[in-house]
Every structure is written in structure tokens, then in C-alpha cells.
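Structure, as C-alpha cells:
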Amino acid sequence: MRLLELLSPAKNREQGMAAISHGADAVYVGAPLFGARANASNSLEDIERLARYAHQYRAKVYATVNTVLFDNELEEARKMIVRLSETGIDALIVQDLGILEMDLPPLELHASTQMHNLDAKHVRFLEEVGFKRIILPRELSLEQIREMRQATTAELEAFVQGALCVCYSGQCYMSQYLTGGSGNRGSCSQPCRSSYDLYNEDGDLLEKKRHLLSLKDFSAAQHIEAMTEAGVVSFKIEGRLKDLSYVKNVTAYYRQLIDNMMEKHPDWQAASSGKCKFFFVPDLERTYNRGFTDYFLKERQPMASLATQKSLGKKVGIVKKIANGSVVLDSSEQLAAGDGLCYFGQNGDLKGMQVNRATCNVFVPNHLDEDVAEGTQLWRNNDYAFEKLLQGKTSERKIAVDMVLTETCDGLYLQVTDEDGNNAVAEMTCQGEVARNAEKAKEQLTRQISKLGDTPFVINSLSLPENPLFRSASLLNEMRRTATNGLVEKRLKAYHPMRVHTTKPASSPKYPLPTVDYHANVVNKMAEKFYNHHGASVMEYGVDQTHDYVGKALMTTKYCLRYELGQCLKMKNNAAVAPKYRKGLLLRNNQRLFRLRFDCERCEMQIFLELEQHHYDGHQDKQNSK
């Protein structure tokens with residue numbers, strides 16, 4: 001039996017509970033400090049309450065402590081991890097290997113994707129030093145995932161939905177250089193979403209004010225089965241900064257997708273208990289998205305959102321006619337007052353309008369400009385009706401129980417057994433009256449014992465006495481509440497978070513490389529000590545500590561701008577590549593210039609700080625003279 005986990009983001013306790021109630025088998029939540037999303041931290045009290053709620057369903061809670069740590073933060077981080085372990089969390093997601101040199105409580109460790117878990121040797125090493133799970137980079141293909149599965153027995157977790165960092169996770173230093181906000185410290189300013197000009201080294205302006213590093217959102221919805229067959233056991237949704245509607249909608253979508261898949265594979269089973277009933281139709285396009293790409297899962301493809309870094313939402317149709325301030329749309333989508341629509345203007349900018357009134361495929365917007373004409377493509381980036389629906393009750397998650405009520409010599413005995421084999425009983429001494437109508441007495445018993453609406457349970461079967469005595473509804477309700485409350489407590493006691501002693505192994509596995517440089521993001525003595533223990537010398541600390549950017553890649557990415565623009569030098573029609581794109585390329589943003597380097601053999605692109613910033617002035621002068 002293979003247990004499959006749907007893993008959802010939890011910005012806070014409310015969103016974590018919503019993710020569980022919409023089918024998540026686990027959630028990941030920011031710790032009070034040192035999480036890779038500084039604006040999504042949570043109190044220990046909220047994490048403990050979330051864990052209790054999740055564990056009712058045998059669902060798990062993972063806490064993120066996945067930033068790099070400075071020396072003066074190590075003891076504070078250690079104390080916090082100890083307190084986190086007392087909240088009942090199931091695992092800790094970490095980036096800084098110095099944490100493994102700490103005296104930690106028994107706790108399962110997951111290796112963050114920020115560790116740049118890109119090759120089999122590195123993944124095998126992480127398993128050997130104590131990691132139970134490896135979170136894979138988004139850049140891997142299905143074939144590479146299979147190779148990882150062959151290299152390790154650790155659990156493999158992979159992203160299936162959400163925003164994409166253009167850079168390899170953990171290898172981006174652009175934000176820190178530009179704003180001082182480090183992605184490895186939880187404060188990324190997202191420079192990849194900015195607009196850039198692209199020049200060649202001769203000063204030719206090739207692209208102007210385009211979002212050249214902004215990727216579409218990732219969606220592996222079409223590849224879940226193939227990913228499972230390749231060895232993935234946990235499917236992760238990105239989005240700890242997203243809103244509640246996103247969490248509900250995306251979690252429900254993947255819950256249904258995975259459940260449908262498991263019906264074809266009897267040996268695949270959900271990692272937690274209970275079934276979800278949804279009161280809406282999940283749709284990935286109806287909440288925040290920049291369009292979708294499956295990235296490198298199958299093969300390299302165009303993947304950038306060059307025109308805008310903003311959410312487009314869902315295509316709703318093409319303008320068919322405009323008359324008297326009304327727009328007739330060629331569409332099967334139903335618009336509603338309050339919808340937000342967007343479109344691209346003649347200069348390529350994303351523009352928007354709001355629907356004031358709508359009837360069928362005709363709507364009246366709050367304003368119209370000259371860029372809206374026949375043939376204009378419209379997207380809905382704010383779905384008023386859908387968002388309103390998601391604000392209400394959209395799901396319920398129930399655990400199946402079998403209930404047996406029997407008459408005793410002096411009262412009633414109720415046993416409740418859940419789908420996982422836990423059971424609780426309620427016994428009551430009470431006198432009953434002979435029922436004048438046995439059928440009506442049974443109906444009353446069924447009605448009162450079956451009232452499980454405010455519990456996490458739903459009846460699978462109910463067994464009643466053949467000739468029951470009549471009892472008051474209040475007595476039966478009390479008995480039912482006693483049994484179901486007892487079953488919740490039994491489930492919580494039966495649930496035991498994985499506790500793995502993180503003591504150092506007797507032998508010290510060798511790190512795959514003899515030396516590490518700034519790419520390892522070592523910024524404290526404990527991390528340096530860790531590498532030394534495992535046979536590797538730290539040649540230099542990470543740039544979060546040194547702030548030395550000269551000669552270092554600010555970004556390393558599998559995304560290639562030449563390929564995206566149709567100018568790949570490796571393509572068979574190489575002769576068609578424009579001469580202007582064959583030269584060295586530079587990005588310009590806010591008076592700063594960055595040089596692109598292309599490793600065509602590895603199909604990678606790197607971004608470096610261009611030291612000779614005066615080049616920009618030359619480019620600008622040359623461009624202005626044209």
C-alpha cells in the first residue's frame with residue numbers, strides 16, 4: 001500500500017484548518033521565526049491548535065524553519081524548535097544544515113527545496129545524515145524524479161501547483177543585492193517580477209519594459225499519476241502568502257483529482273482519514289494565476305509571462321460588438337456585477353475594468369477606452385460570484401463510523417467505531433417506557449443518534465435494538481455526544497507524530513564534494529562545522545553574510561531567455577537566430593545593468609552584476625542617436 005499525501009499551504013491557523021477541511025493530508029505552516037515567508041509566521045499556540053485539528057483526521061502539520069541562520073540566532077532557533085516539538089508538529093522543514101549540529105528533540109526532518117536538491121548524490125547524502133523526506137526542485141523532469149527515487153529510500157515531495165521562482169531555489173541573491181531583502185532569509189522582494197529592458201553588448205535595444213524573468217504559475221495537474229509512478233508521495237501546493245479562497249479552491253481541486261486517480265489504483269491510498277463533500281466546483285483558473293506551465297516535467301517549453309506579472313484569471317471571451325456603452329461578448333461564461341475584467345492595450349500594458357451590470361453575454365462596464373474594440377480578448381481576474389461563494393461554507397470532511405446501540409438490563413450502551421478501528425463507548429443507566437409504536441421508537445432513535453452534524457463523523461452503519469424502549473431525545477443526545485467526544489479523544493491519543501532522533505550517526509557520510517563555496521549558503525559556525533564533519537571544507541561563506549556579489553551569479557536558472565524569445569543557439573534552425581541575439585546580452589532595470597551568461601551544454605542561464613555600469617550610458621546614447 002502506497003500512502004499519497006496532498007500537502008497544502010497554511011498562512012495562518014484559519015487557512016490551515018480550511019485546507020484540512022478541503023482534503024489536505026498535511027499542511028505546512030510558518031514557525032514564529034526563521035521561516036522563508038517572513039509575513040506568514042504563526043504563534044506556537046496557533047500551531048498547537050492547528051495540529052490538534054489536523055490530527056483528528058490523521059493529517060499532519062509541518063513547520064518551516066527554512067531560512068539560513070546567523071551565529072547570534074542559533075540558540076534562539078534551537079529553543080524555538082524545542083517549543084515547536086511540544087506543539088505536536090509532525091516534522092520540521094529546514095534549509096540551514098547547522099541545525100543538524102544542534103541538540104534537537106526527536107523530530108522528523110524534511111530537506112527544503114532551498115537546499116538545491118538537484119542531483120542524486122546530494123539527495124542520498126541528505127538521507128544518510130537523517131532527513132526523512134527530500135523536497136525536490138521544481139526544475140526536475142519526470143525522468144529525473146525516477147532517478148531520484150532510485151538513489152534514495154527517503155520520501156520524495158514535489159510541487160504540483162503555484163508560483164514559480166525563476167531561479168533555482170536557494171540560489172537567488174538578486175533581491176538581497178537590490179533591496180537588502182534576502183530570499184534565503186524570508187524577505188524576497190521578487191525582482192523576477194519586475195520589468196526589464198534587454199540589450200546586446202553592441203547597445204541594440206532588443207526588448208523594452210517586458211517581464212523577462214517572470215514565469216507563469218506551475219501546474220502539474222495533468223501529470224499527477226506519472227509523478228506518483230515516478231516515486232513522488234507528497235504533492236505540494238505553493239502559496240503561504242495566498243488568500244483563503246486560493247487555499248480552498250486549489251486544495252479541493254487536487255483532492256478530487258487525486259481521489260479519482262486512486263480509484264484506478266487500489267494499492268494507492270490517501271495518507272489521512274475522512275472524505276470531503278464540496279459545495280462548489282473547484283476551478284484552478286478562477287483564482288489567482290498568471291497562466292500555467294508544467295515547466296520541465298515533460299520537456300522544455302515557453303514558460304514566461306512576458307507581458308505582465310499580474311494575475312490574468314480565466315479567459316472569458318472576445319469582444320463581439322460595442323454599442324451604447326454595452327459590450328457584447330462571444331462567450332459561454334456568465335458574467336456578474338462586480339466582476340473584474342482585464343485586457344491588453346495597444347501598447348501592451350495590462351488594463352482593467354469592472355462589470356456594473358450583466359445579462360447573459362452582454363455587460364456594461366464602469367468605463368470603456370479606445371483599447372477595447374471588436375476582437376479584444378478579455379480575462380476575468382476577479383470572479384465576484386466565485387469569491388462570494390468561497391467565503392461561505394464550501395466543504396465538510398467526515399470520518400465514517402459504525403454505531404451500535406444496545407439495550408442493557410438497566411439502560412443503554414452505545415459503541416462507535418471509526419474507519420481506522422478506533423472506538424469509544426457511552427453507557428447510561430436509565431429507565432425506558434415500552435413504546436406504543438416500535439417503528440416510531442426506532443425512527444426517534446435513528447434521528448437522535450444520527451445527529452453528527454457538528455462532529456467530524458458521518459454514519460456508515462447504525463445498528464439498533466429490535467424492540468427498543470422509548471427514551472427522551474435529550475437523553476439520547478447526551479449519550480451520542482459522550483460517545484463522539486470520546487472518539488475524538490481516542491483518535492488524538494491513537495495518533496503519534498513521527499519522532500525521529502536526530503542524533504549524529506556513528507559514521508559520518510562523506511559530502512559529495514570536497515569543498516563548498518557561496519552556493520552552500522553557509523553563514524554560521526554550526527553549518528561550517530557540519531560540512532567539516534562530513535569531509536568538506538567551506539571555502540567561503542554565503543553572500544547573506546559577506547554581501548560580496550562580484551563575480552558571483554545573482555541568479556542561476558534553467559529558464560533560458562534566448563529560448564523564450566525564439567533565439568536558442570542549440571535549435572536545429574540555428575541559422576534563423578537573429579545576429580543581434582548571438583552577441584552578449586544584458587538586462588537593465590532602474591539604472592542597474594546585469595549580464596547574462598548562457599551555459600548551452602547544461603541548458604542554464606546565469607545573471608551577474610555588470611561591474612562596468614558605464615556601458616549602460618553608452619547603450620543609452622547609442623539608442624537615443626538612432
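Identifiers in the C-alpha cells: chain A, B, ... in order shown; residue index from 1 per chain; ligand index from 1 in order shown.
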| request: For Met403 of chain A, list every protein, DNA or RNA residue within 8 Å, evaluated using only C-alpha atoms, and leave out those in the same chain fewer than 3 positions away; present the list as a PyMOL selection string. | output: chain A and resi 414-417+459+461-463
Excluding segment 591-602 of chain A and any residue of its chain fewer than 4 positions from it, enumerate the residues within 8 Å of it, using only C-alpha atoms, and give them as an mmCIF file with all heavy atoms, in the first residue's frame.
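File written: around.cif
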data_model
loop_
_atom_site.group_PDB
_atom_site.id
_atom_site.type_symbol
_atom_site.label_atom_id
_atom_site.label_comp_id
_atom_site.auth_asym_id
_atom_site.auth_seq_id
_atom_site.Cartn_x
_atom_site.Cartn_y
_atom_site.Cartn_z
ATOM 1 N N CYS A 560 15.655 29.837 -19.864
ATOM 2 C CA CYS A 560 16.597 30.479 -20.781
ATOM 3 C C CYS A 560 15.876 31.559 -21.571
ATOM 4 O O CYS A 560 14.902 31.274 -22.292
ATOM 5 C CB CYS A 560 17.208 29.457 -21.735
ATOM 6 S SG CYS A 560 18.311 30.200 -22.969
ATOM 7 N N LEU A 569 20.388 29.061 -29.387
ATOM 8 C CA LEU A 569 21.522 28.747 -30.257
ATOM 9 C C LEU A 569 21.685 27.247 -30.489
ATOM 10 O O LEU A 569 22.477 26.833 -31.342
ATOM 11 C CB LEU A 569 22.809 29.313 -29.651
ATOM 12 C CG LEU A 569 22.833 30.822 -29.404
ATOM 13 C CD1 LEU A 569 24.197 31.254 -28.893
ATOM 14 C CD2 LEU A 569 22.471 31.585 -30.673
ATOM 15 N N LYS A 570 20.947 26.426 -29.760
ATOM 16 C CA LYS A 570 21.048 24.969 -29.916
ATOM 17 C C LYS A 570 19.966 24.401 -30.829
ATOM 18 O O LYS A 570 19.995 23.219 -31.152
ATOM 19 C CB LYS A 570 20.951 24.284 -28.552
ATOM 20 C CG LYS A 570 22.145 24.521 -27.641
ATOM 21 C CD LYS A 570 21.959 23.824 -26.299
ATOM 22 C CE LYS A 570 21.935 22.319 -26.435
ATOM 23 N NZ LYS A 570 21.832 21.639 -25.127
ATOM 24 N N GLY A 584 26.622 39.012 -26.726
ATOM 25 C CA GLY A 584 26.357 39.022 -25.298
ATOM 26 C C GLY A 584 25.121 39.846 -24.987
ATOM 27 O O GLY A 584 24.856 40.866 -25.626
ATOM 28 N N LEU A 585 24.334 39.404 -23.981
ATOM 29 C CA LEU A 585 23.080 40.054 -23.648
ATOM 30 C C LEU A 585 23.128 40.628 -22.237
ATOM 31 O O LEU A 585 23.759 40.061 -21.337
ATOM 32 C CB LEU A 585 21.918 39.067 -23.763
ATOM 33 C CG LEU A 585 21.700 38.426 -25.141
ATOM 34 C CD1 LEU A 585 20.513 37.480 -25.100
ATOM 35 C CD2 LEU A 585 21.507 39.487 -26.219
ATOM 36 N N LEU A 586 22.426 41.753 -22.048
ATOM 37 C CA LEU A 586 22.385 42.420 -20.756
ATOM 38 C C LEU A 586 20.951 42.847 -20.439
ATOM 39 O O LEU A 586 20.192 43.228 -21.332
ATOM 40 C CB LEU A 586 23.295 43.654 -20.733
ATOM 41 C CG LEU A 586 24.777 43.409 -20.991
ATOM 42 C CD1 LEU A 586 25.122 43.789 -22.426
ATOM 43 C CD2 LEU A 586 25.639 44.184 -20.005
ATOM 44 N N LEU A 587 20.602 42.765 -19.151
ATOM 45 C CA LEU A 587 19.317 43.248 -18.668
ATOM 46 C C LEU A 587 19.514 44.573 -17.959
ATOM 47 O O LEU A 587 20.495 44.751 -17.222
ATOM 48 C CB LEU A 587 18.680 42.247 -17.696
ATOM 49 C CG LEU A 587 18.219 40.910 -18.257
ATOM 50 C CD1 LEU A 587 17.763 40.004 -17.123
ATOM 51 C CD2 LEU A 587 17.096 41.101 -19.268
ATOM 52 N N GLN A 606 22.636 32.261 -16.331
ATOM 53 C CA GLN A 606 23.028 32.924 -15.090
ATOM 54 C C GLN A 606 22.978 34.435 -15.278
ATOM 55 O O GLN A 606 23.175 34.954 -16.384
ATOM 56 C CB GLN A 606 24.434 32.507 -14.668
ATOM 57 C CG GLN A 606 24.533 31.047 -14.224
ATOM 58 C CD GLN A 606 25.931 30.697 -13.735
ATOM 59 O OE1 GLN A 606 26.907 30.988 -14.405
ATOM 60 N NE2 GLN A 606 26.011 30.089 -12.556
ATOM 61 N N ILE A 607 22.722 35.125 -14.181
ATOM 62 C CA ILE A 607 22.666 36.585 -14.180
ATOM 63 C C ILE A 607 23.728 37.115 -13.230
ATOM 64 O O ILE A 607 23.757 36.738 -12.051
ATOM 65 C CB ILE A 607 21.276 37.085 -13.759
ATOM 66 C CG1 ILE A 607 20.205 36.543 -14.709
ATOM 67 C CG2 ILE A 607 21.234 38.604 -13.712
ATOM 68 C CD1 ILE A 607 18.792 36.905 -14.308
ATOM 69 N N PHE A 608 24.606 37.965 -13.744
ATOM 70 C CA PHE A 608 25.694 38.545 -12.971
ATOM 71 C C PHE A 608 25.551 40.065 -12.940
ATOM 72 O O PHE A 608 25.025 40.672 -13.877
ATOM 73 C CB PHE A 608 27.053 38.199 -13.592
ATOM 74 C CG PHE A 608 27.460 36.763 -13.429
ATOM 75 C CD1 PHE A 608 26.963 35.781 -14.285
ATOM 76 C CD2 PHE A 608 28.339 36.384 -12.430
ATOM 77 C CE1 PHE A 608 27.330 34.460 -14.150
ATOM 78 C CE2 PHE A 608 28.719 35.055 -12.282
ATOM 79 C CZ PHE A 608 28.220 34.093 -13.141
ATOM 80 N N LEU A 609 26.044 40.644 -11.873
ATOM 81 C CA LEU A 609 26.139 42.087 -11.806
ATOM 82 C C LEU A 609 27.156 42.561 -12.832
ATOM 83 O O LEU A 609 28.270 42.045 -12.898
ATOM 84 C CB LEU A 609 26.575 42.498 -10.390
ATOM 85 C CG LEU A 609 26.882 43.970 -10.164
ATOM 86 C CD1 LEU A 609 25.629 44.802 -10.370
ATOM 87 C CD2 LEU A 609 27.447 44.166 -8.756
ATOM 88 N N GLU A 610 26.768 43.508 -13.672
ATOM 89 C CA GLU A 610 27.682 44.088 -14.649
ATOM 90 C C GLU A 610 28.457 45.211 -13.968
ATOM 91 O O GLU A 610 27.901 46.254 -13.613
ATOM 92 C CB GLU A 610 26.910 44.626 -15.853
ATOM 93 C CG GLU A 610 27.747 45.337 -16.872
ATOM 94 C CD GLU A 610 28.775 44.456 -17.567
ATOM 95 O OE1 GLU A 610 28.696 43.212 -17.425
ATOM 96 O OE2 GLU A 610 29.640 44.998 -18.269
ATOM 97 N N GLN A 613 29.219 49.585 -15.217
ATOM 98 C CA GLN A 613 27.895 50.163 -15.403
ATOM 99 C C GLN A 613 27.903 51.297 -16.430
ATOM 100 O O GLN A 613 26.856 51.660 -16.957
ATOM 101 C CB GLN A 613 27.362 50.672 -14.061
ATOM 102 C CG GLN A 613 27.030 49.562 -13.060
ATOM 103 C CD GLN A 613 25.796 48.763 -13.443
ATOM 104 O OE1 GLN A 613 24.829 49.303 -13.959
ATOM 105 N NE2 GLN A 613 25.821 47.466 -13.200
ATOM 106 N N TYR A 616 26.040 51.067 -19.720
ATOM 107 C CA TYR A 616 24.639 51.438 -19.904
ATOM 108 C C TYR A 616 24.521 52.811 -20.574
ATOM 109 O O TYR A 616 23.721 53.022 -21.474
ATOM 110 C CB TYR A 616 23.893 51.458 -18.578
ATOM 111 C CG TYR A 616 22.583 52.173 -18.695
ATOM 112 C CD1 TYR A 616 21.530 51.606 -19.407
ATOM 113 C CD2 TYR A 616 22.424 53.457 -18.184
ATOM 114 C CE1 TYR A 616 20.337 52.281 -19.571
ATOM 115 C CE2 TYR A 616 21.239 54.133 -18.346
ATOM 116 C CZ TYR A 616 20.196 53.538 -19.037
ATOM 117 O OH TYR A 616 19.028 54.219 -19.206
#
| task | Please provide the set of residues having any atom within 10 Å of Ala578 of chain A, restricted to only C-alpha atoms, with same-chain residues fewer than 6 positions apart removed, written as number ranges by chain. | result | A: 566-569
Kindly save the residues from that selection, with N, CA, C and O atoms included, as a compact mmCIF listing (two decimals), in the first residue's frame.
# COMPACT_ATOMS: atom_id res chain seq x y z
N GLY A 566 12.71 32.68 -28.73
CA GLY A 566 12.86 32.02 -30.02
C GLY A 566 14.22 32.17 -30.64
O GLY A 566 14.36 32.08 -31.86
N GLN A 567 15.25 32.39 -29.79
CA GLN A 567 16.60 32.64 -30.31
C GLN A 567 17.60 31.64 -29.73
O GLN A 567 18.77 31.97 -29.51
N CYS A 568 17.17 30.41 -29.47
CA CYS A 568 18.04 29.39 -28.88
C CYS A 568 19.15 29.01 -29.86
O CYS A 568 18.88 28.63 -31.00
N LEU A 569 20.39 29.06 -29.39
CA LEU A 569 21.52 28.75 -30.26
C LEU A 569 21.68 27.25 -30.49
O LEU A 569 22.48 26.83 -31.34
| task | Fewer than 6 positions away in the same chain doesn't count, so skip those; otherwise give me all residues within 12 Å of Asn437 of chain A, counting only C-alpha atoms, as number ranges by chain. | result | A: 443-444, 467-470
| message | When you count only C-alpha atoms, which of these residues is closest to Lys583 of chain A: A:Pro105, A:Gly183, A:Gly162, A:Gly203? | response |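 For Lys583 of chain A, the nearest of the given residues is A:Gly203.
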| query | Skipping near chain neighbours, those fewer than 5 positions away, what residues fall within 9 Å of Lys525 of chain A using only C-alpha atoms, listed as a list in words? | reply |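 The residues that qualify are Phe70, Asp71, Gly98 and Phe530 of chain A.
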| said: Which of segment 327-564 of chain A end up as strand (DSSP E or B) when DSSP is run on this backbone - answer as a ChimeraX atom specification? | reply: /A:327-330,340-344,350-359,362-365,377-382,395-408,411-418,423-429,433-434,457-463,469-470,515-516,537-538,553-557
| said: Show me, as a PyMOL selection string, the residues that have an atom within 10 Å of Leu513 of chain A when counting only C-alpha atoms, minus same-chain residues fewer than 6 positions from it. | reply: chain A and resi 121-122+531+534-537
| Proximity to Met148 of chain A - best of A:Met174, A:Val232, A:Ala307, A:Val68, only C-alpha atoms |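 Among the listed residues, A:Val232 lies closest to Met148 of chain A.
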